[in-house]
$ cat work.tsv   # TSV, C-alpha atoms and all ligand atoms
chain	number	residue	atom	x	y	z
T	18	MET	CA	56.56	141.41	97.85
T	19	PRO	CA	56.62	140.92	101.66
T	20	GLU	CA	53.96	142.91	103.53
T	21	TYR	CA	56.48	144.98	105.45
T	22	GLN	CA	57.52	146.54	102.13
T	23	ASN	CA	54.13	148.23	101.87
T	24	GLU	CA	54.01	150.07	105.19
T	25	PRO	CA	53.37	153.81	104.74
T	26	PHE	CA	56.53	154.78	106.66
T	27	LEU	CA	59.68	153.86	104.75
T	28	PRO	CA	62.22	152.60	107.29
T	29	PHE	CA	65.89	153.45	106.90
T	30	ALA	CA	66.72	149.82	106.13
T	31	LEU	CA	64.90	146.61	105.31
T	32	PRO	CA	66.33	143.23	104.33
T	33	ASP	CA	66.17	141.89	100.78
T	34	ILE	CA	64.64	138.46	101.21
T	35	THR	CA	63.08	136.38	98.43
T	36	GLU	CA	61.22	133.06	98.42
T	37	ALA	CA	64.56	131.36	97.77
T	38	GLU	CA	65.84	132.32	101.25
T	39	VAL	CA	62.51	131.25	102.80
T	40	GLU	CA	62.74	127.89	101.02
T	41	ALA	CA	66.37	127.41	102.08
T	42	VAL	CA	65.46	127.87	105.75
T	43	ALA	CA	62.47	125.52	105.46
T	44	GLU	CA	64.62	122.88	103.79
T	45	THR	CA	67.28	123.21	106.47
T	46	VAL	CA	64.77	122.91	109.29
T	47	ARG	CA	63.24	119.86	107.61
T	48	SER	CA	66.68	118.29	107.24
T	49	GLY	CA	66.99	118.07	111.02
T	50	TRP	CA	70.46	119.71	110.99
T	51	LEU	CA	69.93	123.04	112.72
T	52	THR	CA	73.30	123.91	114.19
T	53	THR	CA	76.62	124.36	112.36
T	54	GLY	CA	76.88	121.67	109.71
T	55	PRO	CA	76.80	121.12	105.96
T	56	ASN	CA	75.29	124.52	105.12
T	57	ALA	CA	77.91	126.42	107.13
T	58	ALA	CA	80.71	124.39	105.51
T	59	ALA	CA	79.27	125.02	102.04
T	60	PHE	CA	78.81	128.75	102.81
T	61	GLU	CA	82.51	128.99	103.74
T	62	LYS	CA	83.61	127.23	100.53
T	63	GLU	CA	81.30	129.30	98.35
T	64	MET	CA	82.55	132.53	99.95
T	65	ALA	CA	86.19	131.54	99.29
T	66	ALA	CA	85.31	130.80	95.66
T	67	PHE	CA	83.40	134.07	95.31
T	68	LEU	CA	86.41	136.02	96.61
T	69	GLU	CA	88.59	134.26	94.01
T	70	GLY	CA	90.77	132.94	96.81
T	71	ASP	CA	93.58	130.49	96.19
T	72	ASP	CA	94.13	127.40	98.38
T	73	GLU	CA	95.46	129.57	101.20
T	74	LEU	CA	92.29	131.59	101.72
T	75	GLN	CA	90.11	130.24	104.50
T	76	CYS	CA	86.65	131.54	105.32
T	77	ILE	CA	85.39	130.95	108.84
T	78	ALA	CA	81.65	131.43	109.43
T	79	VAL	CA	80.73	133.02	112.77
T	80	ASN	CA	77.56	134.27	114.44
T	81	SER	CA	78.51	137.98	114.16
T	82	ALA	CA	81.23	140.25	112.86
T	83	THR	CA	81.92	141.22	116.45
T	84	ALA	CA	82.66	137.55	117.17
T	85	GLY	CA	84.91	137.42	114.11
T	86	LEU	CA	86.84	140.52	115.17
T	87	HIS	CA	87.22	139.05	118.65
T	88	LEU	CA	88.55	135.76	117.25
T	89	ALA	CA	91.02	137.71	115.11
T	90	VAL	CA	92.51	139.82	117.92
T	91	GLU	CA	92.64	136.71	120.13
T	92	ALA	CA	94.40	134.58	117.52
T	93	LEU	CA	96.88	137.39	116.82
T	94	GLY	CA	97.81	137.50	120.51
T	95	VAL	CA	96.69	141.06	121.26
T	96	GLY	CA	96.85	141.50	125.05
T	97	PRO	CA	97.34	143.77	128.06
T	98	GLY	CA	99.81	146.60	127.41
T	99	ASP	CA	99.19	146.52	123.67
T	100	GLU	CA	97.69	149.36	121.66
T	101	VAL	CA	95.55	148.94	118.57
T	102	LEU	CA	94.75	151.76	116.12
T	103	VAL	CA	91.00	152.02	115.49
T	104	PRO	CA	89.20	154.78	113.56
T	105	ALA	CA	86.93	156.91	115.76
T	106	TRP	CA	84.39	156.71	112.92
T	107	THR	CA	83.05	153.19	113.45
T	108	PHE	CA	80.62	151.01	115.34
T	109	THR	CA	81.64	150.14	118.89
T	110	SER	CA	82.47	146.50	117.94
T	111	THR	CA	85.78	147.44	116.34
T	112	ALA	CA	87.09	148.91	119.59
T	113	GLU	CA	85.24	146.72	122.09
T	114	VAL	CA	87.02	143.52	121.02
T	115	VAL	CA	90.34	145.21	121.80
T	116	ARG	CA	89.06	145.82	125.34
T	117	TYR	CA	87.97	142.16	125.56
T	118	MET	CA	91.67	141.30	125.29
T	119	GLY	CA	92.67	143.87	127.94
T	120	ALA	CA	94.45	145.97	125.30
T	121	ARG	CA	93.97	149.67	124.52
T	122	PRO	CA	92.22	150.96	121.41
T	123	VAL	CA	93.80	154.21	120.25
T	124	LEU	CA	91.24	156.24	118.33
T	125	VAL	CA	92.38	157.73	115.03
T	126	ASP	CA	90.75	160.60	113.14
T	127	VAL	CA	89.31	160.16	109.68
T	128	ASP	CA	89.56	161.69	106.24
T	129	PRO	CA	86.87	164.40	105.93
T	130	VAL	CA	85.81	163.23	102.46
T	131	THR	CA	85.80	159.41	102.72
T	132	LEU	CA	85.41	159.18	106.52
T	133	ASN	CA	87.93	156.31	106.34
T	134	ILE	CA	90.94	156.17	108.69
T	135	ASP	CA	93.43	159.02	108.17
T	136	PHE	CA	96.91	157.49	107.87
T	137	ALA	CA	98.59	160.83	108.55
T	138	ASP	CA	96.77	160.99	111.89
T	139	ALA	CA	97.54	157.30	112.53
T	140	GLU	CA	101.21	158.19	112.00
T	141	ARG	CA	100.98	160.66	114.89
T	142	ARG	CA	99.31	158.15	117.24
T	143	VAL	CA	101.43	155.07	116.63
T	144	SER	CA	103.77	154.15	119.52
T	145	GLU	CA	106.13	151.36	120.59
T	146	LYS	CA	103.10	149.70	122.15
T	147	THR	CA	101.09	149.62	118.92
T	148	VAL	CA	100.68	146.06	117.66
T	149	ALA	CA	97.82	146.28	115.17
T	150	ILE	CA	95.57	148.50	113.06
T	151	MET	CA	91.87	147.84	112.36
T	152	PRO	CA	90.75	149.91	109.37
T	153	VAL	CA	87.03	150.16	108.53
T	154	HIS	CA	85.91	150.37	104.88
T	155	PHE	CA	83.30	152.95	105.74
T	156	ALA	CA	79.98	152.77	103.85
T	157	GLY	CA	81.53	150.23	101.48
T	158	LEU	CA	84.37	152.34	100.09
T	159	PRO	CA	87.65	150.43	100.62
T	160	VAL	CA	90.53	152.15	102.42
T	161	ASP	CA	93.58	152.77	100.23
T	162	GLY	CA	95.23	149.33	100.20
T	163	HIS	CA	98.69	150.65	99.32
T	164	ALA	CA	98.66	153.22	102.11
T	165	LEU	CA	97.48	150.54	104.54
T	166	ALA	CA	100.12	147.97	103.55
T	167	ASP	CA	102.84	150.63	103.60
T	168	PHE	CA	101.79	151.95	107.02
T	169	ALA	CA	101.49	148.46	108.52
T	170	SER	CA	104.83	147.23	107.21
T	171	ARG	CA	106.76	150.35	108.29
T	172	HIS	CA	105.42	150.00	111.84
T	173	ARG	CA	105.35	146.17	111.83
T	174	LEU	CA	101.65	146.05	112.64
T	175	LYS	CA	99.12	143.26	112.27
T	176	VAL	CA	96.15	144.23	110.12
T	177	ILE	CA	92.55	143.29	110.88
T	178	GLU	CA	90.11	144.78	108.39
T	179	ASP	CA	86.63	145.55	109.70
T	180	ALA	CA	84.89	144.90	106.38
T	181	ALA	CA	81.36	144.94	107.84
T	182	HIS	CA	80.31	147.34	105.04
T	183	ALA	CA	82.58	146.06	102.30
T	184	PHE	CA	81.01	143.13	100.52
T	185	PRO	CA	81.21	142.73	97.61
T	186	VAL	CA	83.74	145.35	96.53
T	187	ARG	CA	87.18	145.36	94.92
T	188	SER	CA	90.26	147.32	95.87
T	189	ALA	CA	93.14	147.44	93.37
T	190	GLY	CA	91.64	144.51	91.47
T	191	ALA	CA	91.18	142.07	94.36
T	192	TYR	CA	88.04	141.61	96.42
T	193	VAL	CA	88.10	143.00	99.95
T	194	GLY	CA	88.39	139.74	101.90
T	195	ASN	CA	91.19	138.45	99.69
T	196	SER	CA	94.10	140.71	100.69
T	197	SER	CA	97.43	140.35	102.45
T	198	SER	CA	95.91	141.47	105.76
T	199	ASP	CA	96.08	139.06	108.71
T	200	ALA	CA	92.29	138.88	108.94
T	201	VAL	CA	89.27	140.44	107.25
T	202	VAL	CA	85.79	140.33	108.79
T	203	PHE	CA	82.38	140.64	107.09
T	204	SER	CA	79.07	141.21	108.89
T	205	PHE	CA	75.80	139.54	107.93
T	206	TYR	CA	73.70	141.48	110.43
T	207	ALA	CA	70.09	142.10	109.32
T	208	THR	CA	70.82	145.45	107.65
T	209	LYS	CA	74.20	144.67	106.06
T	210	THR	CA	74.88	144.12	102.34
T	211	ILE	CA	74.06	140.43	102.61
T	212	THR	CA	72.42	138.98	105.69
T	213	THR	CA	71.94	135.83	107.71
T	214	GLY	CA	69.94	137.71	110.37
T	215	GLU	CA	72.95	137.60	112.65
T	216	GLY	CA	76.27	136.35	111.31
T	217	GLY	CA	79.68	137.08	109.95
T	218	MET	CA	82.70	135.62	108.19
T	219	VAL	CA	86.43	135.83	108.90
T	220	MET	CA	88.86	135.55	105.99
T	221	VAL	CA	92.37	134.46	106.89
T	222	LYS	CA	95.31	133.06	104.93
T	223	ASP	CA	97.70	131.91	107.65
T	224	ALA	CA	96.93	128.25	108.45
T	225	ASP	CA	97.88	128.50	112.14
T	226	LEU	CA	95.75	131.60	112.67
T	227	ALA	CA	92.83	129.90	110.94
T	228	ALA	CA	93.22	126.79	113.08
T	229	ARG	CA	93.23	128.87	116.26
T	230	MET	CA	90.12	130.77	115.18
T	231	ARG	CA	88.25	127.57	114.28
T	232	THR	CA	89.10	126.11	117.68
T	233	MET	CA	88.14	129.25	119.62
T	234	ARG	CA	84.95	129.63	117.60
T	235	LEU	CA	83.55	126.56	119.37
T	236	HIS	CA	84.50	126.36	123.06
T	237	GLY	CA	88.17	125.68	122.39
T	238	ILE	CA	87.24	122.24	121.10
T	239	SER	CA	89.84	121.11	118.63
T	240	ARG	CA	87.36	119.96	115.94
T	241	ASP	CA	83.99	121.49	115.09
T	242	VAL	CA	80.70	119.62	115.35
T	243	PHE	CA	80.51	118.77	111.66
T	244	ASN	CA	83.96	117.13	111.57
T	245	ARG	CA	83.20	115.38	114.81
T	246	TYR	CA	80.33	113.49	113.25
T	247	GLN	CA	82.11	112.90	109.96
T	248	SER	CA	85.49	111.58	111.06
T	249	LYS	CA	86.33	108.04	112.09
T	250	THR	CA	86.99	108.97	115.72
T	251	PRO	CA	84.05	108.03	117.92
T	252	SER	CA	81.51	110.83	117.91
T	253	TRP	CA	81.56	111.28	121.67
T	254	ARG	CA	85.29	112.03	121.80
T	255	TYR	CA	86.55	115.60	121.75
T	256	GLU	CA	89.22	117.65	123.45
T	257	VAL	CA	89.03	121.08	125.00
T	258	VAL	CA	92.37	122.82	124.45
T	259	ALA	CA	91.46	126.40	125.48
T	260	PRO	CA	88.62	128.36	127.12
T	261	GLY	CA	86.98	129.19	123.81
T	262	PHE	CA	83.81	131.00	122.79
T	263	LYS	CA	80.41	130.09	121.33
T	264	TYR	CA	80.68	131.87	118.01
T	265	ASN	CA	79.57	129.26	115.43
T	266	LEU	CA	77.00	130.08	112.72
T	267	PRO	CA	73.92	127.80	112.74
T	268	ASP	CA	72.93	126.08	109.50
T	269	THR	CA	69.54	127.83	109.42
T	270	ALA	CA	71.44	131.12	109.11
T	271	ALA	CA	74.09	129.73	106.76
T	272	ALA	CA	71.33	128.52	104.42
T	273	VAL	CA	70.07	132.11	104.12
T	274	GLY	CA	73.66	133.29	103.63
T	275	ARG	CA	74.24	130.92	100.72
T	276	VAL	CA	71.24	132.30	98.83
T	277	GLN	CA	72.22	135.87	99.71
T	278	LEU	CA	75.76	135.21	98.48
T	279	SER	CA	74.40	134.03	95.13
T	280	ARG	CA	72.49	137.36	94.92
T	281	ALA	CA	75.26	139.59	96.33
T	282	VAL	CA	76.34	141.16	93.03
T	283	GLU	CA	72.75	141.73	91.88
T	284	MET	CA	71.96	143.40	95.24
T	285	ARG	CA	75.09	145.57	95.08
T	286	ASP	CA	74.24	146.66	91.55
T	287	LYS	CA	70.77	147.59	92.76
T	288	ARG	CA	72.24	149.71	95.59
T	289	ARG	CA	74.58	151.30	93.08
T	290	SER	CA	71.71	152.25	90.81
T	291	ILE	CA	69.90	153.82	93.79
T	292	ALA	CA	73.05	155.77	94.66
T	293	GLN	CA	73.33	156.91	91.06
T	294	ARG	CA	69.69	157.99	91.02
T	295	TYR	CA	70.20	160.05	94.22
T	296	THR	CA	73.44	161.51	92.85
T	297	ARG	CA	71.64	162.82	89.78
T	298	ALA	CA	68.37	163.84	91.39
T	299	LEU	CA	69.77	165.67	94.44
T	300	ALA	CA	72.75	167.40	92.80
T	301	ASP	CA	71.15	170.86	92.80
T	302	LEU	CA	70.11	170.81	96.47
T	303	PRO	CA	72.01	172.16	99.52
T	304	ILE	CA	73.06	168.68	100.61
T	305	GLU	CA	76.56	167.26	100.17
T	306	LEU	CA	76.45	163.89	98.43
T	307	PRO	CA	79.01	161.08	98.68
T	308	GLN	CA	81.61	160.96	95.90
T	309	TRP	CA	80.26	159.04	92.92
T	310	HIS	CA	82.40	156.12	91.71
T	311	GLU	CA	81.99	155.25	88.06
T	312	GLU	CA	83.78	151.89	88.35
T	313	PRO	CA	80.97	149.44	89.31
T	314	GLU	CA	83.06	147.35	91.69
T	315	ALA	CA	84.81	150.26	93.45
T	316	HIS	CA	82.09	150.80	96.07
T	317	ALA	CA	79.74	148.37	97.85
T	318	TRP	CA	77.24	151.23	98.48
T	319	HIS	CA	76.25	149.80	101.85
T	320	LEU	CA	75.36	153.32	102.98
T	321	PHE	CA	74.49	156.54	101.15
T	322	VAL	CA	75.98	159.11	103.51
T	323	THR	CA	75.16	162.77	102.94
T	324	ARG	CA	76.03	165.96	104.86
T	325	ILE	CA	73.81	168.87	105.80
T	326	ASP	CA	75.01	172.32	106.87
T	327	ASP	CA	73.12	174.97	108.81
T	328	ASP	CA	74.35	177.64	106.35
T	329	GLY	CA	73.33	175.91	103.14
T	330	ALA	CA	70.29	173.93	104.22
T	331	GLY	CA	69.03	176.43	106.78
T	332	MET	CA	68.69	173.70	109.36
T	333	HIS	CA	70.76	171.40	111.52
T	334	ARG	CA	71.10	167.74	110.63
T	335	ASP	CA	68.86	166.80	113.58
T	336	GLN	CA	66.08	168.96	112.20
T	337	PHE	CA	66.52	167.47	108.73
T	338	ILE	CA	66.07	163.99	110.22
T	339	GLU	CA	62.90	165.11	111.99
T	340	ARG	CA	61.46	166.69	108.83
T	341	MET	CA	62.27	163.60	106.77
T	342	SER	CA	60.49	161.51	109.37
T	343	GLU	CA	57.43	163.79	109.04
T	344	GLN	CA	57.58	163.04	105.30
T	345	GLY	CA	57.45	159.33	106.13
T	346	ILE	CA	61.11	158.58	105.48
T	347	GLY	CA	63.48	156.97	107.96
T	348	THR	CA	67.12	158.07	107.99
T	349	SER	CA	70.08	157.24	110.22
T	350	VAL	CA	73.48	158.54	111.33
T	351	HIS	CA	76.67	156.59	110.67
T	352	PHE	CA	78.34	156.91	113.01
T	353	ILE	CA	78.20	158.60	116.37
T	354	PRO	CA	82.03	158.67	116.66
T	355	LEU	CA	83.29	156.47	119.47
T	356	HIS	CA	84.74	159.31	121.56
T	357	LEU	CA	81.26	160.86	121.85
T	358	HIS	CA	79.92	157.78	123.68
T	359	PRO	CA	80.23	157.89	127.48
T	360	TYR	CA	82.33	154.73	127.84
T	361	TRP	CA	84.85	155.59	125.12
T	362	ASN	CA	84.88	159.25	126.09
T	363	GLU	CA	85.95	158.34	129.59
T	364	TYR	CA	88.24	155.62	128.36
T	365	CYS	CA	90.20	157.91	126.05
T	366	ALA	CA	89.72	161.01	128.17
T	367	GLU	CA	92.04	163.17	126.09
T	368	GLY	CA	90.47	161.98	122.83
T	369	GLN	CA	87.62	164.33	122.12
T	370	GLU	CA	89.37	167.55	121.22
T	371	GLU	CA	92.02	165.63	119.33
T	372	LEU	CA	89.62	164.10	116.83
T	373	PRO	CA	88.50	167.32	115.13
T	374	VAL	CA	87.39	165.83	111.83
T	375	ALA	CA	85.21	163.08	113.33
T	376	THR	CA	83.74	165.54	115.86
T	377	ALA	CA	82.85	168.10	113.19
T	378	GLN	CA	81.57	165.63	110.59
T	379	PHE	CA	79.29	163.97	113.12
T	380	GLU	CA	77.18	167.15	113.32
T	381	ARG	CA	76.56	167.12	109.56
T	382	THR	CA	76.12	163.46	108.70
T	383	VAL	CA	72.91	161.70	107.70
T	384	SER	CA	72.37	158.45	105.75
T	385	LEU	CA	69.45	158.09	103.33
T	386	PRO	CA	67.69	154.74	102.77
T	387	ALA	CA	69.52	152.83	99.99
T	388	PHE	CA	68.78	149.16	100.46
T	389	SER	CA	68.48	146.74	97.56
T	390	SER	CA	64.83	145.80	98.09
T	391	MET	CA	63.68	149.43	97.65
T	392	THR	CA	61.22	149.89	94.82
T	393	ASP	CA	61.64	152.68	92.24
T	394	GLU	CA	58.60	154.33	93.79
T	395	GLN	CA	60.26	154.29	97.22
T	396	VAL	CA	63.45	155.81	95.76
T	397	GLU	CA	61.32	158.56	94.18
T	398	ARG	CA	59.58	159.14	97.51
T	399	VAL	CA	62.94	159.70	99.22
T	400	ILE	CA	63.99	162.14	96.51
T	401	ALA	CA	60.68	164.01	96.75
T	402	ALA	CA	60.95	164.18	100.54
T	403	VAL	CA	64.52	165.58	100.44
T	404	ARG	CA	63.34	168.18	97.87
T	405	THR	CA	60.37	169.17	100.02
T	406	VAL	CA	62.43	169.41	103.20
T	407	LEU	CA	65.30	171.39	101.64
T	408	SER	CA	63.33	173.84	99.52
T	501	LIG	C1	77.64	146.22	111.86
T	501	LIG	C2	79.05	146.52	112.17
T	501	LIG	C3	79.82	145.70	113.01
T	501	LIG	C4	79.23	144.59	113.81
T	501	LIG	O1	78.63	143.60	113.07
T	501	LIG	P1	77.83	142.43	113.83
T	501	LIG	O2	77.73	141.36	112.78
T	501	LIG	O3	76.51	143.00	114.23
T	501	LIG	O4	78.65	142.02	115.00
T	501	LIG	C5	81.16	145.97	113.15
T	501	LIG	N1	81.73	147.02	112.53
T	501	LIG	C6	81.03	147.85	111.75
T	501	LIG	C7	81.74	148.98	111.08
T	501	LIG	C8	79.67	147.65	111.56
T	501	LIG	O5	78.96	148.50	110.82
$ encode --input "work.tsv" --output "structure tokens"
Amino acid sequence: MPEYQNEPFLPFALPDITEAEVEAVAETVRSGWLTTGPNAAAFEKEMAAFLEGDDELQCIAVNSATAGLHLAVEALGVGPGDEVLVPAWTFTSTAEVVRYMGARPVLVDVDPVTLNIDFADAERRVSEKTVAIMPVHFAGLPVDGHALADFASRHRLKVIEDAAHAFPVRSAGAYVGNSSSDAVVFSFYATKTITTGEGGMVMVKDADLAARMRTMRLHGISRDVFNRYQSKTPSWRYEVVAPGFKYNLPDTAAAVGRVQLSRAVEMRDKRRSIAQRYTRALADLPIELPQWHEEPEAHAWHLFVTRIDDDGAGMHRDQFIERMSEQGIGTSVHFIPLHLHPYWNEYCAEGQEELPVATAQFERTVSLPAFSSMTDEQVERVIAAVRTVLS
């Protein structure tokens, strides 16, 4: 067990890294191929196979989910004058990439139970300028795929799924990442369900969109480094066809990702068992627990999001967080809704009072540690701390 697992304070999140990941990095460094190369290419292929994709499904490895979301809105031609529907309940990345393109994110309220985008509210905010919707599968619970497809087709919208929390999880039988959406983006940030330290993956089925994203991923060069050194064209020859970005995933990171991918189901099942343990052990306390899902593949359990009320718990969420910290347990809040941040508040000036669910839920929300490398003893410590704080 790594030393950081034994610190007296239990942080909200820690990675789940074994000797296999350590070995994979060492091997990659020894190979001399550090940047995007054979490991990144293999990671993309293995992800497509994992998602049970047919020949159409392409996986494009990038150095963050934010980069992947940016590539997606760029390839789809989102631009000035356009509006994109984004849930208020998300990380800033989802909306910031829309601003990168000079377009306007329109914040949408969320369902009070799932905290996923509320399609009824989206219906009220859609306009002639709306070109796309970017749903977030919050905490690892997929948005309703039928409602999404129906909404998008009625309003002729492009769909970019922010699936930063949603790997691996199925929706209506298919893995998130293998849907009819224009693009789906995973995050492999240090605390996500699988990690490469920093990294992400874009799933796309349209060949032209995929080609554009691959080009823009690396400076607008029409072939990536790996192909450049593999093809018969002289290695020094390349063409810049657009002012692209520097969004490629290095092989050192991809090597970690390949091992993590092979452990993804095992790690999800571990998170699920932690969620189940909390669900049983905290049921009698004045704390609202997330809905339990019996079907093992229905929830990725990236986050275990609870709610605390002044009435029931006798304290505000902020005080609960402080007391948990005194008990040696780290917690977090997902998310501070976008409209409560200065930039987005100013940007969508009228937004705040019109997002009543997100505004109200923010005051109550707190996430408990539920990462796959937690020991049983650590899970018990969290339960004991919640009991002590709330009784
Ligand atoms: C973590 C996260 C992102 C950003 O992921 P990066 O890989 O760090 O860019 C985007 N959206 C959501 C909902 C996230 O939680």
$ closest_residue --input "work.tsv" --among "T:Tyr360, T:Trp309, T:Phe337, T:Phe155" --to "ligand LIG 501 (chain T)" --atoms "all atoms listed in the file"
T:Phe155
$ closest_atom_pairs --input "work.tsv" --of "chain T" --to "ligand LIG 501 (chain T)" --cutoff "9 Å" --atoms "all atoms listed in the file" --output "Markdown table"
| residue | atom | partner | partner_atom | distance |
| --- | --- | --- | --- | --- |
| T:Val79 | CA | T:LIG501 | O2 | 8.9 |
| T:Asn80 | CA | T:LIG501 | O2 | 7.3 |
| T:Ser81 | CA | T:LIG501 | O2 | 3.7 |
| T:Ala82 | CA | T:LIG501 | O2 | 3.7 |
| T:Thr83 | CA | T:LIG501 | O4 | 3.7 |
| T:Ala84 | CA | T:LIG501 | O4 | 6.4 |
| T:Gly85 | CA | T:LIG501 | O4 | 7.8 |
| T:Leu86 | CA | T:LIG501 | C5 | 8.1 |
| T:Trp106 | CA | T:LIG501 | C7 | 8.4 |
| T:Thr107 | CA | T:LIG501 | C7 | 5.0 |
| T:Phe108 | CA | T:LIG501 | C6 | 4.8 |
| T:Thr109 | CA | T:LIG501 | N1 | 7.1 |
| T:Ser110 | CA | T:LIG501 | C5 | 5.0 |
| T:Thr111 | CA | T:LIG501 | N1 | 5.6 |
| T:Val153 | CA | T:LIG501 | C7 | 6.0 |
| T:His154 | CA | T:LIG501 | C7 | 7.6 |
| T:Phe155 | CA | T:LIG501 | C7 | 6.8 |
| T:Ala156 | CA | T:LIG501 | O5 | 8.2 |
| T:Asp179 | CA | T:LIG501 | N1 | 5.8 |
| T:Ala180 | CA | T:LIG501 | C7 | 7.0 |
| T:Ala181 | CA | T:LIG501 | C6 | 4.9 |
| T:His182 | CA | T:LIG501 | O5 | 6.0 |
| T:Val202 | CA | T:LIG501 | C5 | 8.5 |
| T:Phe203 | CA | T:LIG501 | O2 | 7.4 |
| T:Ser204 | CA | T:LIG501 | O2 | 4.1 |
| T:Phe205 | CA | T:LIG501 | O2 | 5.5 |
| T:Tyr206 | CA | T:LIG501 | O2 | 4.7 |
| T:Ala207 | CA | T:LIG501 | O3 | 8.1 |
| T:Thr208 | CA | T:LIG501 | C1 | 8.1 |
| T:Lys209 | CA | T:LIG501 | C1 | 6.9 |
| T:Gly214 | CA | T:LIG501 | O2 | 8.9 |
| T:Glu215 | CA | T:LIG501 | O2 | 6.1 |
| T:Gly216 | CA | T:LIG501 | O2 | 5.4 |
| T:Gly217 | CA | T:LIG501 | O2 | 5.5 |
| T:Met218 | CA | T:LIG501 | O2 | 8.9 |
| T:His351 | CA | T:LIG501 | O5 | 8.4 |
| T:Phe352 | CA | T:LIG501 | O5 | 8.7 |
$ residues_near_point --input "work.tsv" --point "(64.0, 141.8, 99.4)" --cutoff "7 Å" --atoms "only C-alpha atoms" --output "list in words"
Pro32, Asp33, Ile34, Thr35, Ser389 and Ser390 of chain T
$ write_last_selection --input "work.tsv" --atoms "C-alpha atoms" --output "mmCIF file, in the frame of the given file"
data_model
loop_
_atom_site.group_PDB
_atom_site.id
_atom_site.type_symbol
_atom_site.label_atom_id
_atom_site.label_comp_id
_atom_site.auth_asym_id
_atom_site.auth_seq_id
_atom_site.Cartn_x
_atom_site.Cartn_y
_atom_site.Cartn_z
ATOM 1 C CA PRO T 32 66.330 143.230 104.330
ATOM 2 C CA ASP T 33 66.170 141.890 100.780
ATOM 3 C CA ILE T 34 64.640 138.460 101.210
ATOM 4 C CA THR T 35 63.080 136.380 98.430
ATOM 5 C CA SER T 389 68.480 146.740 97.560
ATOM 6 C CA SER T 390 64.830 145.800 98.090
#
$ closest_residue --input "work.tsv" --among "T:Asp225, T:Asp268, T:Asp328, T:Asp393" --to "Thr45 of chain T" --atoms "only C-alpha atoms"
T:Asp268
$ atom_distance --input "work.tsv" --atom1 "atom CA of Lys222 of chain T" --atom2 "atom CA of Leu74 of chain T"
4.6 Å
$ residues_around --input "work.tsv" --residues "segment 143-150 of chain T" --least-positions-apart "5" --cutoff "9 Å" --atoms "all atoms listed in the file" --output "PyMOL selection string"
chain T and resi 90+95+98-104+123+138+165+169+172-178
$ closest_residue --input "work.tsv" --among "T:Pro307, T:Gly345, T:Pro55, T:Pro28" --to "Pro267 of chain T" --atoms "only C-alpha atoms"
T:Pro55
$ atom_distance --input "work.tsv" --atom1 "atom CA of Ala300 of chain T" --atom2 "atom CA of Ile211 of chain T"
28.7 Å
$ closest_residue --input "work.tsv" --among "T:Thr376, T:Asn265, T:Thr296, T:Gln277" --to "Glu36 of chain T" --atoms "only C-alpha atoms"
T:Gln277
$ closest_atom_pairs --input "work.tsv" --of "segment 299-336 of chain T" --to "segment 192-196 of chain T" --cutoff "12 Å" --atoms "all atoms listed in the file" --output "JSON lines"
{"residue": "T:Glu314", "atom": "CA", "partner": "T:Tyr192", "partner_atom": "CA", "distance": 9.0}
{"residue": "T:Ala315", "atom": "CA", "partner": "T:Tyr192", "partner_atom": "CA", "distance": 9.7}
{"residue": "T:His316", "atom": "CA", "partner": "T:Val193", "partner_atom": "CA", "distance": 10.6}
{"residue": "T:Ala317", "atom": "CA", "partner": "T:Val193", "partner_atom": "CA", "distance": 10.2}
$ atom_distance --input "work.tsv" --atom1 "atom CA of His310 of chain T" --atom2 "atom CA of Arg381 of chain T"
21.8 Å
$ residues_around --input "work.tsv" --residues "Asp335 of chain T" --least-positions-apart "5" --cutoff "9 Å" --atoms "only C-alpha atoms" --output "short mmCIF file (atom, residue, chain, number, x, y, z; two decimals) with C-alpha atoms, keeping the file's coordinate frame"
data_model
loop_
_atom_site.label_atom_id
_atom_site.label_comp_id
_atom_site.auth_asym_id
_atom_site.auth_seq_id
_atom_site.Cartn_x
_atom_site.Cartn_y
_atom_site.Cartn_z
CA ARG T 340 61.46 166.69 108.83
CA GLU T 380 77.18 167.15 113.32
CA ARG T 381 76.56 167.12 109.56
CA VAL T 383 72.91 161.70 107.70
#
$ residues_around --input "work.tsv" --residues "Ser239 of chain T" --least-positions-apart "2" --cutoff "9 Å" --atoms "all atoms listed in the file" --output "mmCIF file with C-alpha atoms, in the frame of the given file"
data_model
loop_
_atom_site.group_PDB
_atom_site.id
_atom_site.type_symbol
_atom_site.label_atom_id
_atom_site.label_comp_id
_atom_site.auth_asym_id
_atom_site.auth_seq_id
_atom_site.Cartn_x
_atom_site.Cartn_y
_atom_site.Cartn_z
ATOM 1 C CA ALA T 228 93.220 126.790 113.080
ATOM 2 C CA ARG T 229 93.230 128.870 116.260
ATOM 3 C CA ARG T 231 88.250 127.570 114.280
ATOM 4 C CA THR T 232 89.100 126.110 117.680
ATOM 5 C CA MET T 233 88.140 129.250 119.620
ATOM 6 C CA LEU T 235 83.550 126.560 119.370
ATOM 7 C CA HIS T 236 84.500 126.360 123.060
ATOM 8 C CA GLY T 237 88.170 125.680 122.390
ATOM 9 C CA ASP T 241 83.990 121.490 115.090
ATOM 10 C CA TYR T 255 86.550 115.600 121.750
ATOM 11 C CA GLU T 256 89.220 117.650 123.450
ATOM 12 C CA VAL T 257 89.030 121.080 125.000
ATOM 13 C CA VAL T 258 92.370 122.820 124.450
ATOM 14 C CA ALA T 259 91.460 126.400 125.480
#
$ residues_around --input "work.tsv" --residues "Ala401 of chain T" --least-positions-apart "4" --cutoff "12 Å" --atoms "only C-alpha atoms" --output "MDAnalysis selection string"
chainID T and resid 295 298:299 302 341 344:346 394:397 405:408
